[in-house]
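The data block below is model_34.cif; it holds mmCIF, C-alpha atoms and all ligand atoms.
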data_data
loop_
_atom_site.group_PDB
_atom_site.id
_atom_site.type_symbol
_atom_site.label_atom_id
_atom_site.label_comp_id
_atom_site.auth_asym_id
_atom_site.auth_seq_id
_atom_site.Cartn_x
_atom_site.Cartn_y
_atom_site.Cartn_z
ATOM 1 C CA MET V 2 -1.876 -25.622 19.495
ATOM 2 C CA GLN V 3 -2.994 -23.747 16.407
ATOM 3 C CA LYS V 4 -0.409 -23.394 13.691
ATOM 4 C CA PHE V 5 -0.150 -20.132 11.758
ATOM 5 C CA SER V 6 1.629 -19.418 8.535
ATOM 6 C CA ARG V 7 4.185 -16.627 8.520
ATOM 7 C CA LEU V 8 1.682 -14.294 6.863
ATOM 8 C CA GLU V 9 -1.018 -15.035 9.450
ATOM 9 C CA PHE V 10 1.528 -14.549 12.205
ATOM 10 C CA GLN V 11 2.510 -11.137 10.843
ATOM 11 C CA LEU V 12 -1.107 -10.035 10.368
ATOM 12 C CA LEU V 13 -2.038 -10.971 13.923
ATOM 13 C CA ARG V 14 1.118 -9.417 15.332
ATOM 14 C CA ALA V 15 0.209 -6.150 13.609
ATOM 15 C CA CYS V 16 -3.456 -6.324 14.531
ATOM 16 C CA PRO V 17 -4.190 -8.854 17.317
ATOM 17 C CA ASP V 18 -7.941 -8.160 17.336
ATOM 18 C CA LEU V 19 -8.298 -8.469 13.542
ATOM 19 C CA PRO V 20 -10.618 -11.526 13.826
ATOM 20 C CA GLN V 21 -13.130 -9.307 15.677
ATOM 21 C CA TYR V 22 -13.015 -6.482 13.120
ATOM 22 C CA VAL V 23 -16.153 -5.592 11.155
ATOM 23 C CA THR V 24 -16.458 -4.163 7.663
ATOM 24 C CA GLY V 25 -16.767 -0.400 7.416
ATOM 25 C CA ALA V 26 -19.937 1.037 5.933
ATOM 26 C CA GLY V 27 -19.779 3.047 2.708
ATOM 27 C CA GLY V 28 -18.358 6.478 3.318
ATOM 28 C CA ASP V 29 -16.151 5.555 6.238
ATOM 29 C CA GLY V 30 -12.740 3.966 6.258
ATOM 30 C CA PHE V 31 -10.963 4.062 2.947
ATOM 31 C CA THR V 32 -12.591 5.018 -0.276
ATOM 32 C CA ALA V 33 -9.886 3.749 -2.607
ATOM 33 C CA ASN V 34 -12.366 2.329 -5.128
ATOM 34 C CA TYR V 35 -11.654 3.578 -8.608
ATOM 35 C CA VAL V 36 -10.896 2.650 -12.173
ATOM 36 C CA CYS V 37 -7.421 3.641 -13.306
ATOM 37 C CA ASN V 38 -6.487 3.968 -16.967
ATOM 38 C CA ALA V 39 -3.347 1.900 -16.575
ATOM 39 C CA ASN V 40 -2.340 -1.737 -16.833
ATOM 40 C CA TRP V 41 -2.734 -3.671 -13.573
ATOM 41 C CA LYS V 42 1.005 -4.376 -13.393
ATOM 42 C CA ILE V 43 1.756 -0.638 -13.396
ATOM 43 C CA MET V 44 -0.537 -0.247 -10.388
ATOM 44 C CA ILE V 45 1.164 -3.127 -8.576
ATOM 45 C CA ASP V 46 4.590 -1.654 -9.379
ATOM 46 C CA ASN V 47 3.405 1.594 -7.857
ATOM 47 C CA ALA V 48 2.315 -0.164 -4.665
ATOM 48 C CA LEU V 49 5.637 -1.988 -4.322
ATOM 49 C CA GLU V 50 8.072 0.887 -4.154
ATOM 50 C CA CYS V 51 8.110 4.151 -2.252
ATOM 51 C CA TYR V 52 10.814 5.719 -4.409
ATOM 52 C CA HIS V 53 8.052 7.920 -5.788
ATOM 53 C CA CYS V 54 6.762 8.908 -2.322
ATOM 54 C CA GLN V 55 9.082 11.812 -1.601
ATOM 55 C CA THR V 56 8.137 13.575 -4.825
ATOM 56 C CA ALA V 57 4.628 12.280 -5.588
ATOM 57 C CA HIS V 58 3.235 12.022 -2.021
ATOM 58 C CA ARG V 59 4.526 15.104 -0.231
ATOM 59 C CA GLU V 60 1.835 15.128 2.474
ATOM 60 C CA PHE V 61 2.238 11.390 3.150
ATOM 61 C CA SER V 62 6.018 11.863 3.340
ATOM 62 C CA ASP V 63 5.534 14.498 6.020
ATOM 63 C CA MET V 64 3.508 12.045 8.130
ATOM 64 C CA VAL V 65 5.945 9.079 8.020
ATOM 65 C CA ARG V 66 9.663 8.404 8.485
ATOM 66 C CA LEU V 67 10.611 7.306 5.001
ATOM 67 C CA GLU V 68 14.210 6.796 6.065
ATOM 68 C CA ASP V 69 13.051 3.944 8.346
ATOM 69 C CA HIS V 70 11.018 2.142 5.679
ATOM 70 C CA LYS V 71 11.720 -1.605 5.559
ATOM 71 C CA VAL V 72 10.566 -3.994 2.861
ATOM 72 C CA THR V 73 11.041 -7.734 3.364
ATOM 73 C CA LEU V 74 10.453 -10.414 0.739
ATOM 74 C CA TYR V 75 8.782 -13.745 1.567
ATOM 75 C CA LYS V 76 7.591 -16.619 -0.570
ATOM 76 C CA ASN V 77 4.906 -15.068 -2.800
ATOM 77 C CA PHE V 78 4.361 -12.034 -0.571
ATOM 78 C CA THR V 79 6.177 -8.949 0.686
ATOM 79 C CA TYR V 80 5.959 -7.054 3.962
ATOM 80 C CA PHE V 81 6.294 -3.268 4.269
ATOM 81 C CA ASN V 82 6.902 -1.556 7.586
ATOM 82 C CA LEU V 83 6.867 2.234 7.717
ATOM 83 C CA PRO V 84 6.727 4.073 11.073
ATOM 84 C CA ILE V 85 5.136 7.492 11.290
ATOM 85 C CA ALA V 86 7.035 10.606 12.361
ATOM 86 C CA MET V 87 4.959 10.820 15.582
ATOM 87 C CA LYS V 88 3.500 14.198 14.665
ATOM 88 C CA SER V 89 -0.152 14.441 15.674
ATOM 89 C CA GLU V 90 -0.444 17.410 13.326
ATOM 90 C CA ASN V 91 1.159 16.820 9.953
ATOM 91 C CA LYS V 92 0.443 17.708 6.332
ATOM 92 C CA ALA V 93 -1.787 14.661 5.700
ATOM 93 C CA TYR V 94 -4.380 14.343 8.527
ATOM 94 C CA PRO V 95 -4.453 14.456 12.337
ATOM 95 C CA ILE V 96 -3.264 11.442 14.311
ATOM 96 C CA ASP V 97 -4.035 10.613 17.940
ATOM 97 C CA LEU V 98 -0.755 9.254 19.275
ATOM 98 C CA ASP V 99 -2.560 7.412 22.107
ATOM 99 C CA HIS V 100 -5.178 5.547 20.085
ATOM 100 C CA ASP V 101 -4.147 5.300 16.455
ATOM 101 C CA VAL V 102 -2.018 3.072 14.216
ATOM 102 C CA LEU V 103 1.513 4.517 14.434
ATOM 103 C CA THR V 104 3.239 2.184 11.978
ATOM 104 C CA ALA V 105 1.984 1.623 8.466
ATOM 105 C CA GLU V 106 2.148 -2.087 7.640
ATOM 106 C CA PHE V 107 1.316 -3.459 4.220
ATOM 107 C CA TRP V 108 1.434 -6.860 2.616
ATOM 108 C CA TRP V 109 1.330 -7.519 -1.085
ATOM 109 C CA ILE V 110 0.310 -11.024 -2.043
ATOM 110 C CA PHE V 111 1.222 -12.182 -5.521
ATOM 111 C CA GLN V 112 -0.460 -11.302 -7.806
ATOM 112 C CA ASN V 113 -2.990 -8.576 -7.142
ATOM 113 C CA ILE V 114 -3.904 -8.351 -3.448
ATOM 114 C CA LEU V 115 -2.808 -5.664 -1.022
ATOM 115 C CA LEU V 116 -3.552 -5.872 2.720
ATOM 116 C CA GLY V 117 -2.621 -3.369 5.309
ATOM 117 C CA ARG V 118 -3.010 -0.970 8.165
ATOM 118 C CA PHE V 119 -2.805 2.686 7.363
ATOM 119 C CA PRO V 120 -1.619 5.243 9.947
ATOM 120 C CA GLY V 121 -4.421 6.858 11.899
ATOM 121 C CA VAL V 122 -7.661 5.503 13.368
ATOM 122 C CA GLN V 123 -7.483 1.725 13.945
ATOM 123 C CA ASN V 124 -8.112 -0.039 10.646
ATOM 124 C CA PHE V 125 -7.294 -2.851 8.325
ATOM 125 C CA TYR V 126 -7.994 -2.977 4.618
ATOM 126 C CA VAL V 127 -7.993 -5.433 1.748
ATOM 127 C CA SER V 128 -7.528 -4.121 -1.778
ATOM 128 C CA ARG V 129 -7.781 -5.975 -5.053
ATOM 129 C CA PHE V 130 -6.571 -4.849 -8.485
ATOM 130 C CA ASP V 131 -8.508 -6.415 -11.350
ATOM 131 C CA PRO V 132 -7.549 -5.919 -14.995
ATOM 132 C CA LEU V 133 -10.542 -4.709 -17.052
ATOM 133 C CA GLU V 134 -8.622 -4.033 -20.253
ATOM 134 C CA VAL V 135 -4.965 -3.907 -21.152
ATOM 135 C CA ASP V 136 -4.857 -0.270 -20.008
ATOM 136 C CA LYS V 137 -7.697 -0.218 -17.495
ATOM 137 C CA THR V 138 -7.724 -1.604 -13.941
ATOM 138 C CA SER V 139 -10.285 -1.554 -11.176
ATOM 139 C CA ARG V 140 -9.169 -1.156 -7.568
ATOM 140 C CA VAL V 141 -11.688 -2.228 -4.952
ATOM 141 C CA THR V 142 -10.996 -1.847 -1.240
ATOM 142 C CA VAL V 143 -12.830 -3.402 1.695
ATOM 143 C CA PRO V 144 -12.154 -1.410 4.885
ATOM 144 C CA LEU V 145 -12.276 -3.164 8.244
ATOM 145 C CA LYS V 146 -12.413 -1.558 11.681
ATOM 146 C CA PRO V 147 -12.874 -2.437 15.357
ATOM 147 C CA ARG V 148 -16.456 -3.021 16.457
ATOM 148 C CA GLU V 149 -16.189 -0.147 18.957
ATOM 149 C CA ALA V 150 -14.522 3.220 18.319
ATOM 150 C CA THR V 151 -11.333 3.675 20.350
ATOM 151 C CA ASP V 152 -12.197 7.196 21.521
ATOM 152 C CA ALA V 153 -14.662 10.039 21.080
ATOM 153 C CA GLY V 154 -12.626 11.769 18.350
ATOM 154 C CA ALA V 155 -12.072 8.668 16.202
ATOM 155 C CA ALA V 156 -15.038 9.243 13.858
ATOM 156 C CA GLU V 157 -13.884 12.739 12.910
ATOM 157 C CA ARG V 158 -10.267 11.647 12.393
ATOM 158 C CA GLU V 159 -11.504 8.780 10.230
ATOM 159 C CA ARG V 160 -13.602 11.182 8.166
ATOM 160 C CA LEU V 161 -10.600 13.430 7.550
ATOM 161 C CA ARG V 162 -8.409 10.453 6.614
ATOM 162 C CA SER V 163 -11.057 9.155 4.185
ATOM 163 C CA ILE V 164 -11.258 12.487 2.422
ATOM 164 C CA TRP V 165 -7.464 12.661 2.209
ATOM 165 C CA THR V 166 -7.176 9.062 0.986
ATOM 166 C CA ALA V 167 -9.619 9.638 -1.853
ATOM 167 C CA ASN V 168 -8.619 13.175 -2.817
ATOM 168 C CA VAL V 169 -4.891 13.137 -2.256
ATOM 169 C CA VAL V 170 -2.970 9.869 -2.100
ATOM 170 C CA SER V 171 -5.241 7.784 -4.368
ATOM 171 C CA ALA V 172 -5.498 10.653 -6.849
ATOM 172 C CA GLU V 173 -1.707 11.051 -6.819
ATOM 173 C CA ASP V 174 -1.106 7.348 -7.452
ATOM 174 C CA GLN V 175 -3.779 7.211 -10.131
ATOM 175 C CA ALA V 176 -2.263 10.188 -11.984
ATOM 176 C CA LEU V 177 1.190 8.636 -11.721
ATOM 177 C CA CYS V 178 0.072 5.241 -13.074
ATOM 178 C CA GLU V 179 -1.879 6.836 -15.927
ATOM 179 C CA ASN V 180 1.215 8.857 -16.833
ATOM 180 C CA VAL V 181 3.346 5.718 -16.957
ATOM 181 C CA GLN V 182 0.714 4.042 -19.154
ATOM 182 C CA ARG V 183 0.712 7.024 -21.548
ATOM 183 C CA GLY V 184 4.517 6.865 -21.656
ATOM 184 C CA MET V 185 4.398 3.187 -22.605
ATOM 185 C CA ARG V 186 2.323 4.017 -25.667
ATOM 186 C CA THR V 187 5.077 6.235 -27.022
ATOM 187 C CA ALA V 188 8.329 4.574 -26.011
ATOM 188 C CA PHE V 189 9.292 1.888 -23.551
ATOM 189 C CA SER V 190 12.668 0.585 -22.526
ATOM 190 C CA HIS V 191 13.029 -1.558 -19.474
ATOM 191 C CA GLY V 192 15.686 0.522 -17.716
ATOM 192 C CA TRP V 193 17.459 -0.260 -14.458
ATOM 193 C CA TYR V 194 16.074 -1.216 -11.066
ATOM 194 C CA VAL V 195 17.115 0.911 -8.126
ATOM 195 C CA THR V 196 17.913 -1.542 -5.348
ATOM 196 C CA ASP V 197 19.588 -0.456 -2.147
ATOM 197 C CA PRO V 198 19.827 -2.941 0.745
ATOM 198 C CA ASN V 199 20.281 -0.079 3.212
ATOM 199 C CA ASP V 200 17.745 2.437 1.962
ATOM 200 C CA HIS V 201 14.353 0.893 1.347
ATOM 201 C CA ALA V 202 12.778 4.329 0.894
ATOM 202 C CA ILE V 203 14.256 4.374 -2.596
ATOM 203 C CA SER V 204 14.726 0.665 -3.271
ATOM 204 C CA GLU V 205 12.691 -1.177 -5.902
ATOM 205 C CA HIS V 206 13.620 -4.703 -4.777
ATOM 206 C CA ALA V 207 9.992 -5.660 -4.055
ATOM 207 C CA MET V 208 8.988 -4.507 -7.535
ATOM 208 C CA ARG V 209 11.814 -6.555 -8.994
ATOM 209 C CA TYR V 210 10.540 -9.545 -6.965
ATOM 210 C CA PHE V 211 7.064 -9.081 -8.498
ATOM 211 C CA HIS V 212 8.578 -9.053 -11.986
ATOM 212 C CA ASP V 213 10.593 -12.203 -11.229
ATOM 213 C CA LEU V 214 7.494 -14.038 -9.934
ATOM 214 C CA TYR V 215 5.407 -12.864 -12.879
ATOM 215 C CA ARG V 216 8.013 -13.934 -15.430
ATOM 216 C CA SER V 217 8.426 -17.346 -13.841
ATOM 217 C CA ARG V 218 4.633 -17.971 -13.764
ATOM 218 C CA MET V 219 4.270 -16.772 -17.352
ATOM 219 C CA ASP V 220 7.210 -18.888 -18.466
ATOM 220 C CA ILE V 221 9.176 -15.832 -19.603
ATOM 221 C CA GLU V 222 12.956 -15.927 -19.504
ATOM 222 C CA PRO V 223 14.221 -14.641 -16.119
ATOM 223 C CA LEU V 224 15.923 -11.253 -15.820
ATOM 224 C CA ALA V 225 19.648 -11.165 -15.142
ATOM 225 C CA ALA V 226 20.566 -11.717 -11.492
ATOM 226 C CA ILE V 227 21.265 -8.669 -9.333
HETATM 227 FE FE FE N 301 2.101 5.784 -4.274
#

Show me this structure written as structure tokens.
Amino acid sequence: MQKFSRLEFQLLRACPDLPQYVTGAGGDGFTANYVCNANWKIMIDNALECYHCQTAHREFSDMVRLEDHKVTLYKNFTYFNLPIAMKSENKAYPIDLDHDVLTAEFWWIFQNILLGRFPGVQNFYVSRFDPLEVDKTSRVTVPLKPREATDAGAAERERLRSIWTANVVSAEDQALCENVQRGMRTAFSHGWYVTDPNDHAISEHAMRYFHDLYRSRMDIEPLAAI
């Protein structure tokens, strides 16, 4: 019997045919390749909490059920589960409720890797955040997809999602991270973490976990317990 780690188990549970997936060609799938004028840790922070979603990602928030967002911490990785609102027409892009991914699932692996399935046409992606300078980070994404399209409309839905990913959600996150970076040049105080065990739509516990891991690896004094 083959033995899987917890992460492998979760990946295959989310996407059983992942081993048969092929890489998407340029122009399809996700186009989240960009350079952001922010420190890499700001970009990871942004990926680890959805507190900003309701205000910064209004179209995304219309597509999903933020109130059902769950974020679970594991050794050196975190798992995000976010079901969609089951609206084929929503403010982000059309979804085929018979063929598409209906639950967003993401994994962050310490330090700079993000894996996941985005709502919509069947997909899986791997993103990497590489520091270029103290205030400059490159994000490169490899999109994966099934060898065969699930239905005749999949290509058009994928095209619409790609446009939205590049022009809306990635642009929103990039602007947000660059704003935080600009703020750090003027004044920075650590502030409080928002952690709520019952409301993961606003909770920053995964971000706090990242900071704890980072501090321990960098031999920096741990933050006070919460
Ligand atoms: Fe975001």

Residue IDs satisfying the PyMOL selection byres (((not hetatm)) within 10 of (chain N and resi 301)), as a list in words: Met44, Ile45, Asp46, Asn47, Ala48, Leu49, Glu50, Cys51, Tyr52, His53, Cys54, Gln55, Thr56, Ala57, His58, Phe61, Val170, Ser171, Ala172, Glu173, Asp174, Gln175, Ala176, Leu177 and Cys178 of chain V

I want to know what sits within 7 Å of V:Met64, based on all atoms listed in the file, with residues of the same chain fewer than 4 positions away left out; could you give that as a list in words?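 My reading of the contact set: Glu60, Ile85, Ala86, Lys88, Asn91, Lys92 and Ala93 of chain V.
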
Here is a test: counting all atoms listed in the file, which residue of V:Cys37, V:His201, V:Arg162, V:Thr151 is nearest to V:Leu83? V:His201

Select, from V:Leu133, V:Gln112, V:Thr79, V:Asn38, the residue with the minimum atom-to-atom distance to V:Tyr215, counting only C-alpha atoms.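 Using only C-alpha atoms, the shortest distance to V:Tyr215 belongs to V:Gln112.
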
Just how far from atom CA of V:Val65 is atom CA of V:Asp97, in Å to one decimal? 14.2 Å

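Nearest-residue note for V:Lys71: choosing from V:Thr24, V:Thr104, V:Asn124, V:Thr166, the minimum distance belongs to V:Thr104, counting all atoms listed in the file.
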
Rounded to one decimal in Å, what is the spacing between atom CA of V:Tyr22 and atom CA of V:Val36? 27.0 Å

With only C-alpha atoms as the basis for distance, which of V:Asn82, V:Gln182, V:Gln123, V:Asn77 is at the shortest distance from V:Ala155?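 Smallest separation from V:Ala155 among the options: V:Gln123.
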
How many Å lie between atom CA of V:Ile43 and atom CA of V:Tyr94, rounded to one decimal? 27.3 Å

Given the point (-13.0, -10.1, 14.6) in the coordinates of this file, which residues lie within 12 Å, counting only C-alpha atoms, and how would they look as a PyMOL selection string? chain V and resi 13+16-24+124-125+145-149

What residues come out when you apply the PyMOL selection byres (((chain V and resi 101) around 8) and not hetatm) to this file, written as a list of chain:residue names?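 What the PyMOL selection byres (((chain V and resi 101) around 8) and not hetatm) grabs from the file is V:Ile96, V:Asp97, V:Leu98, V:Asp99, V:His100, V:Val102, V:Leu103, V:Pro120, V:Gly121, V:Val122, V:Gln123.
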
With only C-alpha atoms counted, which protein, DNA or RNA residues have an atom no more than 9 Å from (5.9, -16.8, 0.2) in the file frame? Please answer as a PyMOL selection string. chain V and resi 7-8+74-79+110-111

Could you state which residues are captured by the PyMOL selection byres (((chain V and resi 126) around 6) and not hetatm) in this file, as a ChimeraX atom specification? /V:116-117,125,127,143-145

Counting only C-alpha atoms, which of V:Phe107, V:Tyr35, V:Tyr194, V:Phe10 gets nearest to V:Lys137?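 For V:Lys137, the nearest of the given residues is V:Tyr35.
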
Given the choices V:Arg129, V:Arg218, V:His212, V:Arg118, which gets closest to V:Gln11 if the distance is worked out from only C-alpha atoms?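 Once distances to V:Gln11 are computed over only C-alpha atoms, the minimum belongs to V:Arg118.
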
Enclose the full set of atoms of stretch 165-178 of chain V listed in the file within a box whose edges lie along x, y and z, apply 6 Å of padding to each of the six sides, and report centre and edge lengths in Å to one decimal as JSON.
{"center_x": -4.2, "center_y": 9.2, "center_z": -5.4, "size_x": 22.8, "size_y": 19.9, "size_z": 27.3}
